[in-house]
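Trainee: So I've got this file, structure-v9.tsv, and it contains TSV, C-alpha atoms:
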chain	number	residue	atom	x	y	z
A	18	MET	CA	-16.39	16.26	4.10
A	19	GLU	CA	-14.18	17.85	1.45
A	20	GLY	CA	-11.04	19.42	2.85
A	21	VAL	CA	-10.60	17.81	6.28
A	22	VAL	CA	-7.67	19.09	8.33
A	23	ALA	CA	-4.81	16.60	8.24
A	24	ARG	CA	-3.37	15.20	11.45
A	25	TYR	CA	0.34	15.12	10.68
A	26	PHE	CA	1.96	18.45	9.80
A	27	ARG	CA	3.75	21.48	11.17
A	28	SER	CA	4.43	25.05	10.05
A	29	VAL	CA	8.00	25.75	8.95
A	30	GLU	CA	9.27	29.06	7.58
A	31	GLY	CA	5.96	30.14	6.13
A	32	ARG	CA	5.22	26.72	4.66
A	33	VAL	CA	3.40	23.63	5.80
A	34	GLU	CA	5.49	20.47	6.24
A	35	CYS	CA	3.65	17.16	5.99
A	36	LEU	CA	4.83	14.61	8.56
A	37	LEU	CA	2.91	11.64	7.22
A	38	CYS	CA	5.63	10.04	5.09
A	39	PRO	CA	9.41	10.41	4.82
A	40	HIS	CA	9.13	12.78	1.84
A	41	HIS	CA	8.22	15.51	4.36
A	42	CYS	CA	6.83	17.68	1.56
A	43	ARG	CA	6.99	21.40	2.31
A	44	MET	CA	4.16	23.29	0.63
A	45	ALA	CA	3.65	26.98	0.07
A	46	GLU	CA	0.10	28.35	0.12
A	47	GLY	CA	-2.07	26.45	-2.36
A	48	GLN	CA	0.50	23.77	-3.14
A	49	THR	CA	0.02	20.02	-2.77
A	50	GLY	CA	2.54	17.40	-1.74
A	51	ARG	CA	3.86	14.58	-3.84
A	52	CYS	CA	0.68	12.59	-3.26
A	53	ARG	CA	-1.40	15.42	-4.84
A	54	SER	CA	-4.13	15.00	-2.23
A	55	ARG	CA	-2.74	16.98	0.74
A	56	ARG	CA	-2.73	20.76	0.28
A	57	ASN	CA	-1.66	23.87	2.18
A	58	ARG	CA	-4.75	25.99	2.68
A	59	GLY	CA	-4.12	29.12	4.66
A	60	GLY	CA	-1.26	27.59	6.62
A	61	VAL	CA	-3.18	24.42	7.42
A	62	LEU	CA	-2.59	21.03	5.79
A	63	VAL	CA	-5.82	19.62	4.39
A	64	SER	CA	-6.66	16.18	3.01
A	65	GLU	CA	-8.73	16.83	-0.08
A	66	VAL	CA	-9.87	13.22	-0.53
A	67	TYR	CA	-11.41	12.58	2.89
A	68	GLY	CA	-14.83	11.10	2.25
A	69	ARG	CA	-14.28	11.05	-1.53
A	70	PRO	CA	-13.51	7.48	-2.68
A	71	CYS	CA	-12.98	7.23	-6.43
A	72	ALA	CA	-13.26	3.43	-6.58
A	73	LEU	CA	-15.59	0.98	-4.84
A	74	ALA	CA	-15.95	-2.76	-5.37
A	75	VAL	CA	-16.73	-6.02	-3.63
A	76	ASP	CA	-13.68	-8.27	-4.01
A	77	PRO	CA	-12.61	-11.73	-2.91
A	78	VAL	CA	-10.08	-11.36	-0.14
A	79	GLU	CA	-7.68	-13.42	-2.26
A	80	LYS	CA	-7.52	-10.53	-4.75
A	81	LYS	CA	-5.69	-8.29	-2.26
A	82	PRO	CA	-3.85	-10.78	-2.32
A	83	LEU	CA	-4.43	-12.44	1.05
A	84	TYR	CA	-4.43	-16.24	0.93
A	85	HIS	CA	-4.25	-17.06	4.64
A	86	PHE	CA	-6.67	-14.48	6.06
A	87	HIS	CA	-10.35	-15.52	5.98
A	88	PRO	CA	-9.99	-17.31	2.61
A	89	GLY	CA	-13.20	-17.52	0.63
A	90	SER	CA	-14.63	-14.33	2.09
A	91	LYS	CA	-15.44	-11.00	0.43
A	92	CYS	CA	-14.44	-7.47	1.35
A	93	LEU	CA	-15.60	-4.01	0.37
A	94	SER	CA	-12.63	-2.41	-1.38
A	95	PHE	CA	-12.26	1.31	-1.78
A	96	ALA	CA	-9.66	3.87	-2.80
A	97	CYS	CA	-9.16	7.60	-3.03
A	98	THR	CA	-6.82	9.26	-5.51
A	99	GLY	CA	-3.17	9.69	-4.66
A	100	CYS	CA	0.11	7.94	-3.96
A	101	ASN	CA	3.42	9.01	-2.45
A	102	PHE	CA	5.32	6.80	-4.91
A	103	ARG	CA	5.91	7.37	-8.62
A	104	CYS	CA	6.25	3.75	-9.72
A	105	LEU	CA	7.13	3.56	-13.40
A	106	ASN	CA	5.07	0.38	-13.72
A	107	CYS	CA	1.97	1.55	-11.84
A	108	GLN	CA	-1.08	-0.46	-12.92
A	109	ASN	CA	-3.55	2.00	-11.36
A	110	HIS	CA	-1.90	5.21	-12.53
A	111	ASP	CA	-5.22	6.58	-13.75
A	112	ILE	CA	-6.28	7.03	-10.11
A	113	SER	CA	-3.01	6.95	-8.18
A	114	GLN	CA	-1.08	9.52	-10.22
A	115	VAL	CA	-3.80	12.17	-10.52
A	116	ALA	CA	-5.28	14.98	-8.45
A	117	PRO	CA	-8.66	14.52	-6.74
A	118	ASP	CA	-10.47	16.84	-9.17
A	119	GLU	CA	-9.31	14.83	-12.20
A	120	VAL	CA	-11.59	11.86	-11.53
A	121	ASP	CA	-15.18	11.34	-10.43
A	122	ALA	CA	-15.70	10.45	-6.79
A	123	TYR	CA	-18.41	9.30	-4.42
A	124	ARG	CA	-19.30	11.13	-1.23
A	125	LEU	CA	-19.16	8.70	1.66
A	126	SER	CA	-18.47	9.32	5.33
A	127	PRO	CA	-16.77	6.59	7.38
A	128	ASP	CA	-20.18	5.61	8.80
A	129	GLU	CA	-21.60	5.34	5.28
A	130	VAL	CA	-18.70	3.17	4.09
A	131	VAL	CA	-19.29	0.79	7.00
A	132	ALA	CA	-23.04	0.74	6.34
A	133	LEU	CA	-22.36	-0.09	2.69
A	134	THR	CA	-20.05	-2.91	3.77
A	135	ILE	CA	-22.76	-4.40	5.97
A	136	LYS	CA	-25.39	-3.93	3.25
A	137	HIS	CA	-23.30	-6.04	0.87
A	138	HIS	CA	-22.76	-8.72	3.53
A	139	CYS	CA	-18.99	-8.23	3.61
A	140	PRO	CA	-17.20	-9.09	6.87
A	141	GLY	CA	-14.44	-6.55	6.24
A	142	ILE	CA	-13.08	-3.54	4.38
A	143	ALA	CA	-9.95	-3.30	2.23
A	144	TYR	CA	-8.17	0.02	1.77
A	145	THR	CA	-6.51	-0.61	-1.56
A	146	TYR	CA	-5.93	0.15	-5.28
A	147	THR	CA	-3.94	3.39	-4.68
A	148	GLU	CA	-1.89	4.22	-1.55
A	149	PRO	CA	-4.30	4.34	1.39
A	150	LEU	CA	-1.65	5.75	3.72
A	151	THR	CA	-1.85	9.06	1.84
A	152	TYR	CA	-5.45	9.44	3.09
A	153	ILE	CA	-4.71	7.93	6.47
A	154	GLU	CA	-7.22	10.12	8.32
A	155	TYR	CA	-10.09	8.68	6.28
A	156	VAL	CA	-8.73	5.16	6.63
A	157	THR	CA	-8.27	5.47	10.40
A	158	ASP	CA	-11.74	6.92	11.01
A	159	THR	CA	-13.40	4.30	8.79
A	160	ALA	CA	-11.40	1.46	10.32
A	161	ARG	CA	-12.36	2.56	13.83
A	162	VAL	CA	-16.07	2.50	12.97
A	163	ALA	CA	-15.61	-0.84	11.22
A	164	HIS	CA	-14.12	-2.38	14.36
A	165	GLU	CA	-16.98	-1.00	16.43
A	166	LYS	CA	-19.36	-2.87	14.12
A	167	GLY	CA	-17.35	-6.10	14.29
A	168	LEU	CA	-15.80	-5.80	10.83
A	169	TRP	CA	-12.14	-6.40	10.04
A	170	ASN	CA	-9.78	-4.04	8.21
A	171	ILE	CA	-7.23	-4.83	5.48
A	172	LEU	CA	-4.54	-2.43	4.33
A	173	VAL	CA	-2.98	-2.94	0.89
A	174	SER	CA	0.01	-0.63	0.78
A	175	ALA	CA	3.55	0.05	-0.31
A	176	GLY	CA	4.33	0.80	3.33
A	177	PHE	CA	6.10	4.13	2.86
A	178	VAL	CA	5.03	6.00	5.99
A	179	CYS	CA	6.47	7.57	9.15
A	180	GLN	CA	6.29	5.52	12.30
A	181	GLU	CA	4.12	7.83	14.43
A	182	PRO	CA	1.07	7.89	12.12
A	183	LEU	CA	1.54	4.18	11.45
A	184	ARG	CA	1.45	3.42	15.19
A	185	GLU	CA	-1.88	5.21	15.49
A	186	LEU	CA	-3.36	3.17	12.65
A	187	LEU	CA	-2.02	-0.26	13.63
A	188	PRO	CA	-4.58	-1.02	16.40
A	189	MET	CA	-7.33	-0.74	13.77
A	190	LEU	CA	-5.68	-3.15	11.30
A	191	ASP	CA	-6.31	-6.88	11.18
A	192	ALA	CA	-4.35	-7.75	8.05
A	193	ALA	CA	-2.12	-6.14	5.45
A	194	ASN	CA	-0.49	-6.95	2.17
A	195	ILE	CA	2.70	-4.94	1.79
A	196	ASP	CA	4.16	-4.45	-1.67
A	197	LEU	CA	7.88	-5.02	-1.23
A	198	LYS	CA	9.08	-3.56	-4.52
A	199	ALA	CA	12.66	-4.84	-4.42
A	200	PHE	CA	15.38	-5.58	-1.93
A	201	ASP	CA	17.57	-2.81	-3.27
A	202	ASP	CA	17.58	0.86	-2.37
A	203	ASP	CA	18.65	1.96	-5.86
A	204	VAL	CA	15.62	0.25	-7.39
A	205	TYR	CA	13.38	1.95	-4.85
A	206	ARG	CA	14.82	5.36	-5.66
A	207	LYS	CA	14.86	4.99	-9.44
A	208	VAL	CA	11.65	3.05	-10.04
A	209	CYS	CA	9.42	4.19	-7.17
A	210	GLY	CA	10.91	7.32	-5.63
A	211	GLY	CA	11.24	5.83	-2.14
A	212	GLN	CA	13.56	4.06	0.29
A	213	LEU	CA	13.74	0.40	1.18
A	214	HIS	CA	14.48	0.77	4.91
A	215	VAL	CA	11.23	2.67	5.49
A	216	VAL	CA	9.19	-0.23	4.10
A	217	LEU	CA	11.15	-2.73	6.19
A	218	ASP	CA	10.42	-0.64	9.30
A	219	THR	CA	6.72	-0.77	8.41
A	220	LEU	CA	6.86	-4.56	8.16
A	221	LEU	CA	8.57	-4.83	11.54
A	222	ALA	CA	6.03	-2.50	13.16
A	223	MET	CA	3.16	-4.59	11.79
A	224	ARG	CA	4.81	-7.78	13.00
A	225	ASP	CA	5.19	-6.33	16.50
A	226	ALA	CA	1.57	-5.11	16.52
A	227	GLY	CA	0.22	-8.55	15.66
A	228	VAL	CA	-1.16	-7.59	12.25
A	229	TRP	CA	-1.46	-10.52	9.84
A	230	VAL	CA	0.99	-9.71	7.04
A	231	GLU	CA	1.36	-11.09	3.53
A	232	ILE	CA	3.94	-9.73	1.11
A	233	THR	CA	3.85	-9.14	-2.64
A	234	ASN	CA	6.94	-8.83	-4.80
A	235	LEU	CA	6.24	-7.88	-8.42
A	236	VAL	CA	9.10	-9.41	-10.39
A	237	ILE	CA	10.14	-7.08	-13.23
A	238	PRO	CA	12.62	-8.35	-15.87
A	239	GLY	CA	15.98	-6.62	-15.60
A	240	VAL	CA	14.87	-4.55	-12.61
A	241	ASN	CA	14.46	-6.75	-9.54
A	242	ASP	CA	14.69	-10.32	-10.85
A	243	ASP	CA	18.30	-10.87	-9.81
A	244	ASN	CA	18.70	-14.17	-7.93
A	245	LEU	CA	20.91	-12.71	-5.22
A	246	MET	CA	18.51	-9.82	-4.64
A	247	ILE	CA	15.61	-12.23	-4.23
A	248	GLU	CA	17.66	-14.43	-1.92
A	249	ARG	CA	18.65	-11.44	0.26
A	250	MET	CA	15.02	-10.39	0.51
A	251	CYS	CA	13.86	-13.86	1.54
A	252	ARG	CA	16.66	-14.32	4.08
A	253	TRP	CA	15.78	-10.96	5.66
A	254	LEU	CA	12.14	-12.02	5.90
A	255	VAL	CA	13.04	-15.34	7.50
A	256	GLU	CA	15.52	-13.78	9.92
A	257	ASN	CA	12.96	-11.16	10.99
A	258	GLY	CA	10.05	-13.43	11.78
A	259	PHE	CA	8.22	-13.59	8.44
A	260	ALA	CA	8.93	-17.21	7.50
A	261	ASP	CA	5.21	-18.01	7.90
A	262	ALA	CA	4.05	-14.87	6.10
A	263	PRO	CA	2.76	-15.81	2.63
A	264	LEU	CA	4.99	-14.38	-0.08
A	265	HIS	CA	3.41	-13.64	-3.46
A	266	PHE	CA	5.71	-13.37	-6.48
A	267	SER	CA	3.63	-11.55	-9.06
A	268	ARG	CA	4.16	-11.54	-12.80
A	269	PHE	CA	4.85	-8.16	-14.42
A	270	PHE	CA	3.02	-7.06	-17.55
A	271	PRO	CA	3.94	-3.90	-19.53
A	272	ARG	CA	2.34	-0.87	-17.89
A	273	TYR	CA	2.51	2.90	-17.75
A	274	ARG	CA	6.13	4.04	-18.22
A	275	MET	CA	7.45	0.49	-18.47
A	276	SER	CA	5.37	-0.48	-21.48
A	277	HIS	CA	8.58	-1.21	-23.42
A	278	LEU	CA	9.47	-4.20	-21.23
A	279	GLN	CA	8.41	-7.79	-21.81
A	280	PRO	CA	6.20	-9.73	-19.39
A	281	THR	CA	8.04	-11.69	-16.75
A	282	PRO	CA	8.82	-15.24	-17.94
A	283	VAL	CA	6.95	-17.76	-15.83
A	284	GLU	CA	10.23	-19.63	-15.36
A	285	THR	CA	11.63	-16.55	-13.59
A	286	LEU	CA	8.78	-16.70	-11.09
A	287	LYS	CA	9.28	-20.43	-10.55
A	288	ARG	CA	12.98	-19.80	-9.90
A	289	ALA	CA	12.11	-17.04	-7.41
A	290	ARG	CA	9.73	-19.40	-5.61
A	291	GLN	CA	12.44	-22.05	-5.31
A	292	ILE	CA	14.91	-19.49	-3.94
A	293	ALA	CA	12.33	-18.40	-1.36
A	294	LEU	CA	11.58	-21.96	-0.25
A	295	GLU	CA	15.28	-22.77	0.07
A	296	ALA	CA	15.75	-19.61	2.16
A	297	GLY	CA	13.08	-20.81	4.60
A	298	MET	CA	9.87	-19.13	3.45
A	299	ARG	CA	7.07	-21.64	4.03
A	300	TRP	CA	4.24	-20.27	1.89
A	301	VAL	CA	5.18	-18.98	-1.57
A	302	TYR	CA	2.67	-18.27	-4.31
A	303	LEU	CA	2.83	-17.12	-7.93
A	304	GLY	CA	0.44	-14.42	-9.11
A	305	ASN	CA	-0.71	-13.13	-12.52
A	306	VAL	CA	0.15	-16.46	-14.14
Turn the structure described in the file into structure tokens.

Mentor:
Amino acid sequence: MEGVVARYFRSVEGRVECLLCPHHCRMAEGQTGRCRSRRNRGGVLVSEVYGRPCALAVDPVEKKPLYHFHPGSKCLSFACTGCNFRCLNCQNHDISQVAPDEVDAYRLSPDEVVALTIKHHCPGIAYTYTEPLTYIEYVTDTARVAHEKGLWNILVSAGFVCQEPLRELLPMLDAANIDLKAFDDDVYRKVCGGQLHVVLDTLLAMRDAGVWVEITNLVIPGVNDDNLMIERMCRWLVENGFADAPLHFSRFFPRYRMSHLQPTPVETLKRARQIALEAGMRWVYLGNV
């Protein structure tokens, strides 16, 4: 299972260019991309985490968080190492910001993941904890088997992906929680190393594909807690068909490279919720409070 050929790449000037996300990492022989899990081996791009989940757990679906998708049910959650973001506040940096050989991992094929899900009487699987889109081949193959067995699939993601690979995954998805970091491109670039418009395109593609979408916005003091920014985000969501999509404002706690900041005041979250409701969002929840 280790070292499965990736599905989205091309050869360019003696290097391998990954076409999975907009970073389009170009790797010389032996190098990995920004996600640390996709490597150039002999002119071929390989996913080094296929079949190697580093985290497994049975979770309530509300923990994803999904509040309006099969509430009260459980899901088998799993993750592999890697992420194509570099969020300064990452709460799972010990598995998202490391290479595959830096942590212990299980050996599980897609069929074995599905069998484990059934064994634990879970009606679905959640691809979560890190950035599942960086190991999209493993996710897609597992999700396909899950659907064949009547299970549903949940993607928990930051949504930073190119449209072609996303389109191939969408038919296998039943629900997703997308982490909308901020409604500001500067924040995306400085805090995460990404671009806002890519995430918005992911949301629109999921909407058009009929995937149930819920959205999380982690409110960080002095970073993305500006009232106007929150209002712009909520108005965009309403204007683009997400008024009924549950919006989760989550409380920030000091983490990783933002350990110097204070936790988000609960009043800030209450204010954000009021702004969202006034903008037309119908289901707004507060998390980590």

Trainee: Find the spatial neighbours of stretch 183-187 of chain A, counting all atoms listed in the file, within a cut-off of 12 Å - ignore same-chain residues fewer than 5 positions away - and output them as a ChimeraX atom specification.

Mentor: /A:24-25,36-38,149-161,170-172,174,176-178,192-193,215-216,218-230

Trainee: Show which residues sit within 10 Å of stretch 263-269 of chain A, as an MDAnalysis selection string. Count all atoms listed in the file, and ignore same-chain residues fewer than 6 positions away.

Mentor: chainID A and resid 82:85 106 108 194:197 229:238 251 254 275 278:283 285:287 289:290 293 298:306

Trainee: Write a file of the just-selected residues containing C-alpha atoms, as an mmCIF file, in the coordinates of the input.

Mentor:
data_model
loop_
_atom_site.group_PDB
_atom_site.id
_atom_site.type_symbol
_atom_site.label_atom_id
_atom_site.label_comp_id
_atom_site.auth_asym_id
_atom_site.auth_seq_id
_atom_site.Cartn_x
_atom_site.Cartn_y
_atom_site.Cartn_z
ATOM 1 C CA PRO A 82 -3.850 -10.780 -2.320
ATOM 2 C CA LEU A 83 -4.430 -12.440 1.050
ATOM 3 C CA TYR A 84 -4.430 -16.240 0.930
ATOM 4 C CA HIS A 85 -4.250 -17.060 4.640
ATOM 5 C CA ASN A 106 5.070 0.380 -13.720
ATOM 6 C CA GLN A 108 -1.080 -0.460 -12.920
ATOM 7 C CA ASN A 194 -0.490 -6.950 2.170
ATOM 8 C CA ILE A 195 2.700 -4.940 1.790
ATOM 9 C CA ASP A 196 4.160 -4.450 -1.670
ATOM 10 C CA LEU A 197 7.880 -5.020 -1.230
ATOM 11 C CA TRP A 229 -1.460 -10.520 9.840
ATOM 12 C CA VAL A 230 0.990 -9.710 7.040
ATOM 13 C CA GLU A 231 1.360 -11.090 3.530
ATOM 14 C CA ILE A 232 3.940 -9.730 1.110
ATOM 15 C CA THR A 233 3.850 -9.140 -2.640
ATOM 16 C CA ASN A 234 6.940 -8.830 -4.800
ATOM 17 C CA LEU A 235 6.240 -7.880 -8.420
ATOM 18 C CA VAL A 236 9.100 -9.410 -10.390
ATOM 19 C CA ILE A 237 10.140 -7.080 -13.230
ATOM 20 C CA PRO A 238 12.620 -8.350 -15.870
ATOM 21 C CA CYS A 251 13.860 -13.860 1.540
ATOM 22 C CA LEU A 254 12.140 -12.020 5.900
ATOM 23 C CA MET A 275 7.450 0.490 -18.470
ATOM 24 C CA LEU A 278 9.470 -4.200 -21.230
ATOM 25 C CA GLN A 279 8.410 -7.790 -21.810
ATOM 26 C CA PRO A 280 6.200 -9.730 -19.390
ATOM 27 C CA THR A 281 8.040 -11.690 -16.750
ATOM 28 C CA PRO A 282 8.820 -15.240 -17.940
ATOM 29 C CA VAL A 283 6.950 -17.760 -15.830
ATOM 30 C CA THR A 285 11.630 -16.550 -13.590
ATOM 31 C CA LEU A 286 8.780 -16.700 -11.090
ATOM 32 C CA LYS A 287 9.280 -20.430 -10.550
ATOM 33 C CA ALA A 289 12.110 -17.040 -7.410
ATOM 34 C CA ARG A 290 9.730 -19.400 -5.610
ATOM 35 C CA ALA A 293 12.330 -18.400 -1.360
ATOM 36 C CA MET A 298 9.870 -19.130 3.450
ATOM 37 C CA ARG A 299 7.070 -21.640 4.030
ATOM 38 C CA TRP A 300 4.240 -20.270 1.890
ATOM 39 C CA VAL A 301 5.180 -18.980 -1.570
ATOM 40 C CA TYR A 302 2.670 -18.270 -4.310
ATOM 41 C CA LEU A 303 2.830 -17.120 -7.930
ATOM 42 C CA GLY A 304 0.440 -14.420 -9.110
ATOM 43 C CA ASN A 305 -0.710 -13.130 -12.520
ATOM 44 C CA VAL A 306 0.150 -16.460 -14.140
#

Trainee: Which distance in Å separates atom CA of A:Gly210 and atom CA of A:His110, to one decimal?

Mentor: 14.7 Å

Trainee: Grab the atom CA of A:Lys80 to atom CA of A:Ser94 distance for me, in Å with one decimal place.

Mentor: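 Atom CA of A:Lys80 sits 10.2 Å away from atom CA of A:Ser94.
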
Trainee: Any idea what's packed within 9 Å of A:Arg55, counting only C-alpha atoms, ignoring anything in its chain fewer than 4 positions away? Could you give it as a list in words?

Mentor: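 The neighbour list is Gly20, Ala23, Cys35, Gln48, Thr49, Gly50, Arg51, Leu62, Val63, Ser64, Glu65, Val66, Thr151 and Tyr152 of chain A.
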
Trainee: Generate a file of the selected residues that holds C-alpha atoms, formatted as a PDB file, in the coordinates of the input.

Mentor:
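out24.pdb, written as the output of this step:
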ATOM      1  CA  GLY A  20     -11.040  19.420   2.850  1.00  0.00           C
ATOM      2  CA  ALA A  23      -4.810  16.600   8.240  1.00  0.00           C
ATOM      3  CA  CYS A  35       3.650  17.160   5.990  1.00  0.00           C
ATOM      4  CA  GLN A  48       0.500  23.770  -3.140  1.00  0.00           C
ATOM      5  CA  THR A  49       0.020  20.020  -2.770  1.00  0.00           C
ATOM      6  CA  GLY A  50       2.540  17.400  -1.740  1.00  0.00           C
ATOM      7  CA  ARG A  51       3.860  14.580  -3.840  1.00  0.00           C
ATOM      8  CA  LEU A  62      -2.590  21.030   5.790  1.00  0.00           C
ATOM      9  CA  VAL A  63      -5.820  19.620   4.390  1.00  0.00           C
ATOM     10  CA  SER A  64      -6.660  16.180   3.010  1.00  0.00           C
ATOM     11  CA  GLU A  65      -8.730  16.830  -0.080  1.00  0.00           C
ATOM     12  CA  VAL A  66      -9.870  13.220  -0.530  1.00  0.00           C
ATOM     13  CA  THR A 151      -1.850   9.060   1.840  1.00  0.00           C
ATOM     14  CA  TYR A 152      -5.450   9.440   3.090  1.00  0.00           C
TER      15      TYR A 152
END

Trainee: Would you mind reading off the distance between atom CA of A:Tyr205 and atom CA of A:Asn101, one decimal, in Å?

Mentor: 12.4 Å

Trainee: Considering all atoms listed in the file, state which residue in the set A:Cys92, A:Ala132, A:Ala74, A:Glu248 is at the smallest distance from A:Arg288.

Mentor: A:Glu248

Trainee: For stretch 111-116 of chain A, I'd like the enclosing box, axis-aligned and padded by 6 Å on every side, reported as AutoDock Vina command-line options with centre and edge lengths in Å to one decimal.

Mentor:
--center_x -3.7 --center_y 10.8 --center_z -11.0 --size_x 17.2 --size_y 20.4 --size_z 17.6

Trainee: Counting only C-alpha atoms, which residues sit no farther than 8 Å from the position (19.6, -7.0, -1.3) in the file's frame? I'd like them as a list of chain:residue names.

Mentor: A:Ala199, A:Phe200, A:Asp201, A:Leu245, A:Met246, A:Ile247, A:Glu248, A:Arg249, A:Met250
